[in-house]
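Source file: input_31.txt. Holds: compact mmCIF, C-alpha atoms.
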```
# COMPACT_ATOMS: atom_id res chain seq x y z
CA VAL U 21 0.00 0.00 0.00
CA TYR U 22 1.31 3.41 -0.93
CA TYR U 23 -0.77 5.61 1.33
CA GLN U 24 0.64 9.12 0.96
CA GLY U 25 -1.87 11.22 -0.88
CA LEU U 26 -4.39 8.38 -1.00
CA ILE U 27 -7.96 9.68 -1.15
CA GLU U 28 -11.32 7.96 -1.30
CA ASP U 29 -12.46 7.29 -4.84
CA LYS U 30 -14.69 4.79 -6.62
CA ALA U 31 -12.02 2.09 -6.34
CA THR U 32 -11.26 2.39 -2.63
CA ARG U 33 -14.97 2.57 -1.75
CA LYS U 34 -15.37 -1.00 -3.01
CA VAL U 35 -12.37 -2.58 -1.27
CA ARG U 36 -13.31 -5.25 1.28
CA LYS U 37 -9.90 -6.80 2.02
CA LEU U 38 -6.64 -4.88 2.34
CA ILE U 39 -3.19 -6.50 2.30
CA ILE U 40 -0.46 -4.30 3.74
CA HIS U 41 3.02 -5.08 2.48
CA GLY U 42 6.08 -3.19 3.65
CA ALA U 43 4.36 -0.32 5.50
CA PRO U 44 6.78 2.62 5.63
CA TYR U 45 8.07 4.18 8.82
CA GLY U 46 5.54 6.65 10.16
CA PHE U 47 2.54 4.83 8.68
CA HIS U 48 -0.64 6.21 10.26
CA ALA U 49 -3.74 4.10 9.71
CA TYR U 50 -6.13 6.88 10.73
CA LYS U 51 -4.99 8.94 7.73
CA ILE U 52 -6.40 6.41 5.29
CA SER U 53 -9.10 4.49 7.20
CA GLY U 54 -11.82 6.76 5.82
CA CYS U 55 -10.80 5.85 2.28
CA PHE U 56 -12.16 2.33 2.75
CA PRO U 57 -15.79 2.56 3.98
CA LYS U 58 -16.58 -1.05 2.96
CA LEU U 59 -13.41 -2.62 4.36
CA GLU U 60 -13.97 -5.86 6.30
CA GLU U 61 -10.50 -7.26 6.81
CA ILE U 62 -6.82 -6.29 6.96
CA THR U 63 -3.94 -8.69 6.55
CA THR U 64 -0.17 -8.19 6.59
CA VAL U 65 2.67 -10.14 5.04
CA ASP U 66 5.41 -11.57 7.24
CA ASP U 67 8.05 -9.00 6.32
CA VAL U 68 5.97 -5.97 7.24
CA SER U 69 9.01 -4.35 8.88
CA GLY U 70 8.36 -5.75 12.35
CA SER U 71 6.11 -2.90 13.47
CA TYR U 72 2.67 -3.74 12.06
CA HIS U 73 0.81 -7.01 12.41
CA ALA U 74 -2.72 -8.06 11.55
CA LYS U 75 -4.78 -10.67 13.34
CA ASP U 76 -8.48 -11.48 13.06
CA GLY U 77 -8.74 -8.85 10.32
CA VAL U 78 -7.53 -6.00 12.59
CA LEU U 79 -4.24 -4.07 12.43
CA TYR U 80 -1.93 -3.65 15.43
CA ALA U 81 1.42 -2.02 16.11
CA GLY U 82 4.02 -3.65 18.30
CA SER U 83 7.32 -5.49 18.35
CA SER U 84 8.56 -9.05 18.03
CA ASP U 85 8.01 -9.50 21.77
CA ASN U 86 4.46 -8.15 21.66
CA PRO U 87 3.20 -7.73 18.09
CA TYR U 88 -0.34 -6.80 19.17
CA LYS U 89 0.47 -4.15 21.78
CA LYS U 90 -1.53 -1.32 20.19
CA LEU U 91 -4.77 -1.61 18.25
CA ILE U 92 -4.47 0.93 15.44
CA TRP U 93 -7.10 0.06 12.83
CA CYS U 94 -10.33 -1.90 12.95
CA PRO U 95 -12.09 -1.81 9.56
CA ILE U 96 -15.43 -0.02 9.38
CA GLU U 97 -17.27 -3.15 8.19
CA TRP U 98 -15.29 -5.58 10.36
CA ARG U 99 -17.02 -8.90 11.03
CA PRO U 100 -16.49 -9.95 14.66
CA GLU U 101 -17.84 -13.51 14.45
CA GLY U 102 -15.19 -15.88 15.85
CA ARG U 103 -12.70 -13.02 16.18
CA GLN U 104 -11.21 -10.86 18.91
CA LEU U 105 -10.84 -7.11 18.83
CA PHE U 106 -8.32 -7.13 21.67
CA GLN U 107 -5.56 -9.73 21.56
CA GLU U 108 -3.90 -11.10 24.68
CA GLY U 109 -1.05 -8.57 24.49
CA THR U 110 -3.14 -5.53 23.55
CA THR U 111 -2.71 -2.77 26.15
CA GLN U 112 -3.32 0.35 24.03
CA ILE U 113 -5.97 1.65 21.63
CA GLY U 114 -4.78 4.21 19.10
CA TRP U 115 -6.22 7.43 17.73
CA ARG U 116 -9.36 6.73 15.68
CA ALA U 117 -8.61 3.02 15.84
CA CYS U 118 -12.32 2.11 15.82
CA TRP U 119 -13.64 5.18 14.01
CA LYS U 120 -17.08 4.55 12.47
CA VAL U 121 -16.86 0.80 13.10
CA LYS U 122 -20.32 -0.70 12.83
CA ARG U 123 -19.83 -3.92 14.83
CA LEU U 124 -17.22 -4.21 17.58
CA ASN U 125 -18.66 -7.51 18.78
CA ALA U 126 -21.92 -9.42 18.41
CA THR U 127 -23.93 -7.03 20.59
CA ASN U 128 -21.90 -3.79 20.38
CA GLU U 129 -21.71 -3.95 24.17
CA LEU U 130 -18.00 -3.67 24.83
CA VAL U 131 -16.06 -4.42 28.02
CA ILE U 132 -12.55 -3.05 27.56
CA PRO U 133 -10.07 -5.31 29.39
CA ASP U 134 -8.55 -3.93 32.58
CA ARG U 135 -5.04 -4.41 31.15
CA MET U 136 -5.72 -1.46 28.80
CA SER U 137 -3.67 1.51 30.06
CA VAL U 138 -3.95 3.88 27.07
CA ILE U 139 -6.99 4.82 24.98
CA GLU U 140 -6.16 7.71 22.67
CA GLU U 141 -8.54 10.46 21.61
CA SER U 142 -11.29 9.78 19.09
CA ALA U 143 -10.68 6.02 19.34
CA PHE U 144 -14.39 5.12 19.09
CA MET U 145 -15.67 8.29 17.45
CA GLU U 146 -18.85 7.77 15.37
CA SER U 147 -18.87 4.03 16.06
CA GLU U 148 -22.10 2.14 16.70
CA LEU U 149 -21.31 1.17 20.29
CA ARG U 150 -24.35 0.63 22.50
CA SER U 151 -22.59 0.10 25.82
CA VAL U 152 -18.99 0.37 27.03
CA ALA U 153 -17.19 -0.40 30.28
CA LEU U 154 -13.88 1.41 30.54
CA PRO U 155 -10.80 -0.32 32.02
CA ALA U 156 -10.10 -0.38 35.75
CA HIS U 157 -6.37 0.12 35.25
CA ALA U 158 -4.41 2.33 37.66
CA ASP U 159 -2.70 4.15 34.76
CA TYR U 160 -5.92 4.87 32.90
CA LYS U 161 -7.02 8.21 34.33
CA VAL U 162 -8.29 10.33 31.42
CA ILE U 163 -11.16 9.86 28.99
CA GLU U 164 -9.60 11.63 26.06
CA LYS U 165 -11.06 14.21 23.69
CA PHE U 166 -13.83 13.07 21.35
CA LEU U 167 -13.45 9.47 22.54
CA PHE U 168 -17.16 8.69 21.99
CA TRP U 169 -18.14 11.75 19.97
CA HIS U 170 -21.31 11.16 17.92
CA CYS U 171 -21.78 7.58 19.11
CA ASP U 172 -25.48 8.00 18.56
CA GLN U 173 -26.49 4.52 19.76
CA LEU U 174 -24.55 4.66 23.03
CA THR U 175 -26.85 4.22 26.04
CA ASN U 176 -24.47 3.13 28.80
CA VAL U 177 -20.94 4.14 29.87
CA VAL U 178 -19.33 2.54 32.92
CA ILE U 179 -16.60 4.78 34.36
CA PRO U 180 -14.31 3.07 36.93
CA ASP U 181 -12.98 4.91 39.96
CA ASN U 182 -9.47 5.26 38.48
CA VAL U 183 -10.75 7.83 35.94
CA GLU U 184 -10.14 11.40 37.11
CA SER U 185 -10.83 13.53 34.03
CA VAL U 186 -13.15 13.63 31.03
CA GLU U 187 -11.79 15.80 28.24
CA TYR U 188 -13.24 18.08 25.56
CA GLY U 189 -16.23 16.64 23.70
CA ALA U 190 -15.61 13.08 24.91
CA LEU U 191 -19.33 12.27 25.11
CA ALA U 192 -20.71 14.98 22.88
CA ASP U 193 -23.58 14.23 20.51
CA CYS U 194 -24.37 10.89 22.16
CA SER U 195 -28.06 11.29 21.44
CA CYS U 196 -29.23 8.07 23.17
CA LEU U 197 -27.31 8.59 26.42
CA SER U 198 -29.84 9.51 29.12
CA ALA U 199 -27.88 8.91 32.35
CA ILE U 200 -24.29 8.57 33.51
CA ASP U 201 -22.46 7.99 36.79
CA LEU U 202 -19.20 9.94 36.94
CA ASN U 203 -17.97 7.88 39.89
CA ARG U 204 -14.83 9.69 41.13
CA VAL U 205 -14.23 12.02 38.18
CA ARG U 206 -12.70 15.32 39.31
CA SER U 207 -12.59 17.31 36.10
CA LEU U 208 -14.98 17.83 33.16
CA GLY U 209 -13.71 19.60 30.06
CA SER U 210 -15.57 21.88 27.69
CA PHE U 211 -18.47 20.48 25.65
CA VAL U 212 -18.17 17.02 27.24
CA PHE U 213 -21.93 16.43 26.93
CA ARG U 214 -22.79 18.92 24.20
CA TRP U 215 -25.74 17.88 22.01
CA SER U 216 -26.39 14.79 24.14
CA SER U 217 -30.04 15.51 23.67
CA ARG U 218 -31.49 12.83 26.00
CA LEU U 219 -29.12 13.33 28.91
CA THR U 220 -31.22 14.10 32.00
CA THR U 221 -29.39 12.43 34.89
CA ILE U 222 -25.80 12.73 36.10
CA THR U 223 -24.73 11.07 39.36
CA GLY U 224 -21.40 10.68 41.15
CA ILE U 225 -20.58 14.38 40.92
CA ASN U 226 -19.40 14.98 44.48
CA HIS U 227 -15.70 14.76 43.57
CA LEU U 228 -15.84 17.44 40.88
CA SER U 229 -13.24 20.15 41.48
CA ASN U 230 -13.03 21.50 37.94
CA LEU U 231 -15.86 22.22 35.54
CA ALA U 232 -15.05 23.81 32.19
CA GLU U 233 -17.34 26.16 30.30
CA SER U 234 -20.16 24.82 28.15
CA CYS U 235 -19.73 21.33 29.55
CA PHE U 236 -23.49 20.64 29.31
CA ALA U 237 -24.26 22.97 26.41
CA GLU U 238 -27.33 21.99 24.36
CA SER U 239 -27.94 18.81 26.34
CA SER U 240 -31.28 17.97 27.99
CA LEU U 241 -29.92 18.40 31.51
CA HIS U 242 -32.33 20.74 33.28
CA SER U 243 -30.68 20.87 36.69
CA ILE U 244 -27.66 19.57 38.61
CA ASP U 245 -26.85 19.99 42.30
CA LEU U 246 -23.21 21.02 42.76
CA SER U 247 -23.55 22.11 46.35
CA GLN U 248 -21.68 19.09 47.74
CA THR U 249 -18.74 19.32 45.32
CA PRO U 250 -15.36 20.94 46.07
CA LEU U 251 -15.90 23.43 43.23
CA SER U 252 -14.79 26.89 44.32
CA ALA U 253 -16.22 28.67 41.28
CA LEU U 254 -18.36 27.97 38.24
CA PRO U 255 -17.15 28.72 34.71
CA ALA U 256 -18.23 32.01 33.19
```
Take the structure in this file and express it as structure tokens.
Amino acid sequence: VYYQGLIEDKATRKVRKLIIHGAPYGFHAYKISGCFPKLEEITTVDDVSGSYHAKDGVLYAGSSDNPYKKLIWCPIEWRPEGRQLFQEGTTQIGWRACWKVKRLNATNELVIPDRMSVIEESAFMESELRSVALPAHADYKVIEKFLFWHCDQLTNVVIPDNVESVEYGALADCSCLSAIDLNRVRSLGSFVFRWSSRLTTITGINHLSNLAESCFAESSLHSIDLSQTPLSALPA
């Protein structure tokens, strides 16, 4: 695959299986994933430079010791039957790794293994997730920007008590999300729940010490009691 300058056209829109041979240094899957809206499977050849490896139709980055360390590209039309999204050695999920993916497992109810220590921004953006449980890993402390932006079928998010911060737009435009428990989250960034049009209930807010402007902008949240939080001031 020669990916520099690759854009979606009539040919790439029809591709269902992609074979990556000799990916160059600095290869970034997120730069080309949108070029293949019908892609179901990725494979790699053995001499793919030691950095990129495919298994179960998904692309990972790693080393000879752990070839599946980082999930970097799950195809939009991936078929999960009899396959695993997270391999035994997978501890990281890359930027836009599951962008727009329609089926992450049979039910689209995903429990991310507790060994996962890094989930980069936009990893599940515009996917068709219905439910997600985030990892209870001591090093996983931040729900990154746009992580679940426009996941319009998402109804349930389980936040473990190791998470301290939810960043800009992480749960924005989740139009089916009606309630969420923040557990021990201390900081909410700007526009975290913007356009989450069914959101009416937020619990677990008593640890909030930082609340950015427009956090709840254009959501359906009518009221929230912040009197028991350590907030010293509200955003302008």
How close does each residue of segment 62-170 of chain U get to segment 187-199 of chain U, giving the shortest atom pair and distance in Å to one decimal for every residue with an atom at most 12 Å away, counting only C-alpha atoms, sorted by chain and residue number, as JSON lines?
```
{"residue": "U:Ile139", "atom": "CA", "partner": "U:Ala190", "partner_atom": "CA", "distance": 11.9}
{"residue": "U:Glu140", "atom": "CA", "partner": "U:Ala190", "partner_atom": "CA", "distance": 11.1}
{"residue": "U:Glu141", "atom": "CA", "partner": "U:Ala190", "partner_atom": "CA", "distance": 8.2}
{"residue": "U:Ser142", "atom": "CA", "partner": "U:Ala190", "partner_atom": "CA", "distance": 8.0}
{"residue": "U:Ala143", "atom": "CA", "partner": "U:Ala190", "partner_atom": "CA", "distance": 10.3}
{"residue": "U:Phe144", "atom": "CA", "partner": "U:Ala190", "partner_atom": "CA", "distance": 9.9}
{"residue": "U:Met145", "atom": "CA", "partner": "U:Ala190", "partner_atom": "CA", "distance": 8.9}
{"residue": "U:Glu146", "atom": "CA", "partner": "U:Cys194", "partner_atom": "CA", "distance": 9.3}
{"residue": "U:Ser147", "atom": "CA", "partner": "U:Cys194", "partner_atom": "CA", "distance": 10.7}
{"residue": "U:Glu148", "atom": "CA", "partner": "U:Cys194", "partner_atom": "CA", "distance": 10.6}
{"residue": "U:Leu149", "atom": "CA", "partner": "U:Cys194", "partner_atom": "CA", "distance": 10.4}
{"residue": "U:Arg150", "atom": "CA", "partner": "U:Cys196", "partner_atom": "CA", "distance": 8.9}
{"residue": "U:Ser151", "atom": "CA", "partner": "U:Leu197", "partner_atom": "CA", "distance": 9.7}
{"residue": "U:Val152", "atom": "CA", "partner": "U:Leu197", "partner_atom": "CA", "distance": 11.7}
{"residue": "U:Lys161", "atom": "CA", "partner": "U:Glu187", "partner_atom": "CA", "distance": 10.8}
{"residue": "U:Val162", "atom": "CA", "partner": "U:Glu187", "partner_atom": "CA", "distance": 7.2}
{"residue": "U:Ile163", "atom": "CA", "partner": "U:Glu187", "partner_atom": "CA", "distance": 6.0}
{"residue": "U:Glu164", "atom": "CA", "partner": "U:Glu187", "partner_atom": "CA", "distance": 5.2}
{"residue": "U:Lys165", "atom": "CA", "partner": "U:Tyr188", "partner_atom": "CA", "distance": 4.8}
{"residue": "U:Phe166", "atom": "CA", "partner": "U:Ala190", "partner_atom": "CA", "distance": 4.0}
{"residue": "U:Leu167", "atom": "CA", "partner": "U:Ala190", "partner_atom": "CA", "distance": 4.8}
{"residue": "U:Phe168", "atom": "CA", "partner": "U:Leu191", "partner_atom": "CA", "distance": 5.2}
{"residue": "U:Trp169", "atom": "CA", "partner": "U:Ala192", "partner_atom": "CA", "distance": 5.1}
{"residue": "U:His170", "atom": "CA", "partner": "U:Asp193", "partner_atom": "CA", "distance": 4.6}
```
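Interatomic distance, atom CA of Leu59 of chain U against atom CA of Lys34 of chain U: 7.8 Å.
Closest to Thr64 of chain U among U:Leu38, U:Lys51, U:Ala126, U:Leu202 is U:Leu38, based on only C-alpha atoms.
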With distances taken over only C-alpha atoms, the candidate from U:Ala81, U:Leu174, U:Leu208, U:Ala74 nearest Thr127 of chain U is U:Leu174
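The residue that comes closest to Leu219 of chain U, out of U:Val65, U:Ala232, U:Ile200, U:Leu254 and on the basis of all atoms listed in the file, is U:Ile200.
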Counting all atoms listed in the file, what is within 8 Å of Asp201 of chain U, bar same-chain residues fewer than 2 positions away, as a PDB file with C-alpha atoms, in the coordinates of the input?
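Once everything was written out, this is part_30.pdb:
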```
ATOM      1  CA  VAL U 178     -19.330   2.540  32.920  1.00  0.00           C
ATOM      2  CA  ILE U 179     -16.600   4.780  34.360  1.00  0.00           C
ATOM      3  CA  ALA U 199     -27.880   8.910  32.350  1.00  0.00           C
ATOM      4  CA  ASN U 203     -17.970   7.880  39.890  1.00  0.00           C
ATOM      5  CA  ILE U 222     -25.800  12.730  36.100  1.00  0.00           C
ATOM      6  CA  THR U 223     -24.730  11.070  39.360  1.00  0.00           C
ATOM      7  CA  GLY U 224     -21.400  10.680  41.150  1.00  0.00           C
ATOM      8  CA  ILE U 225     -20.580  14.380  40.920  1.00  0.00           C
TER       9      ILE U 225
END
```
note - atom CA of Glu233 of chain U and atom CA of Phe211 of chain U are separated by 7.4 Å
Near-Leu228 of chain U list (6 Å; only C-alpha atoms; drop same-chain fewer than 2 positions) as a list in words: Arg206, Ser207, Ile225, Asn226, Asn230 and Thr249 of chain U
Just the residues within 7 Å of Leu91 of chain U, please, counting all atoms listed in the file, with nothing from its chain fewer than 6 positions along; format it as a PDB file with C-alpha atoms, in the frame of the given file.
```
ATOM      1  CA  LEU U  79      -4.240  -4.070  12.430  1.00  0.00           C
ATOM      2  CA  TYR U  80      -1.930  -3.650  15.430  1.00  0.00           C
ATOM      3  CA  ALA U  81       1.420  -2.020  16.110  1.00  0.00           C
ATOM      4  CA  THR U 110      -3.140  -5.530  23.550  1.00  0.00           C
ATOM      5  CA  GLN U 112      -3.320   0.350  24.030  1.00  0.00           C
ATOM      6  CA  ILE U 113      -5.970   1.650  21.630  1.00  0.00           C
ATOM      7  CA  GLY U 114      -4.780   4.210  19.100  1.00  0.00           C
ATOM      8  CA  ALA U 117      -8.610   3.020  15.840  1.00  0.00           C
TER       9      ALA U 117
END
```
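For the choices U:Arg214, U:His242, U:Arg36, U:His73, the atom-to-atom distance to Pro95 of chain U is smallest for U:Arg36 when using all atoms listed in the file.
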Taken to one decimal, the atom CA of Leu154 of chain U-atom CA of Ser252 of chain U distance is 29.0 Å
Item to complete: May I have the residues within 9 Å of Ile96 of chain U as number ranges by chain, using only C-alpha atoms and disregarding those fewer than 5 positions away in the same chain?
Response: U: 53-54, 56-60, 118-123, 147
From the list U:Gly209, U:Trp93, U:Ala153, U:Pro100, the nearest residue to Glu129 of chain U using all atoms listed in the file is U:Ala153
Closest of U:Leu231, U:Ala158, U:Cys94, U:Val183 to Leu251 of chain U, counting all atoms listed in the file, is U:Leu231
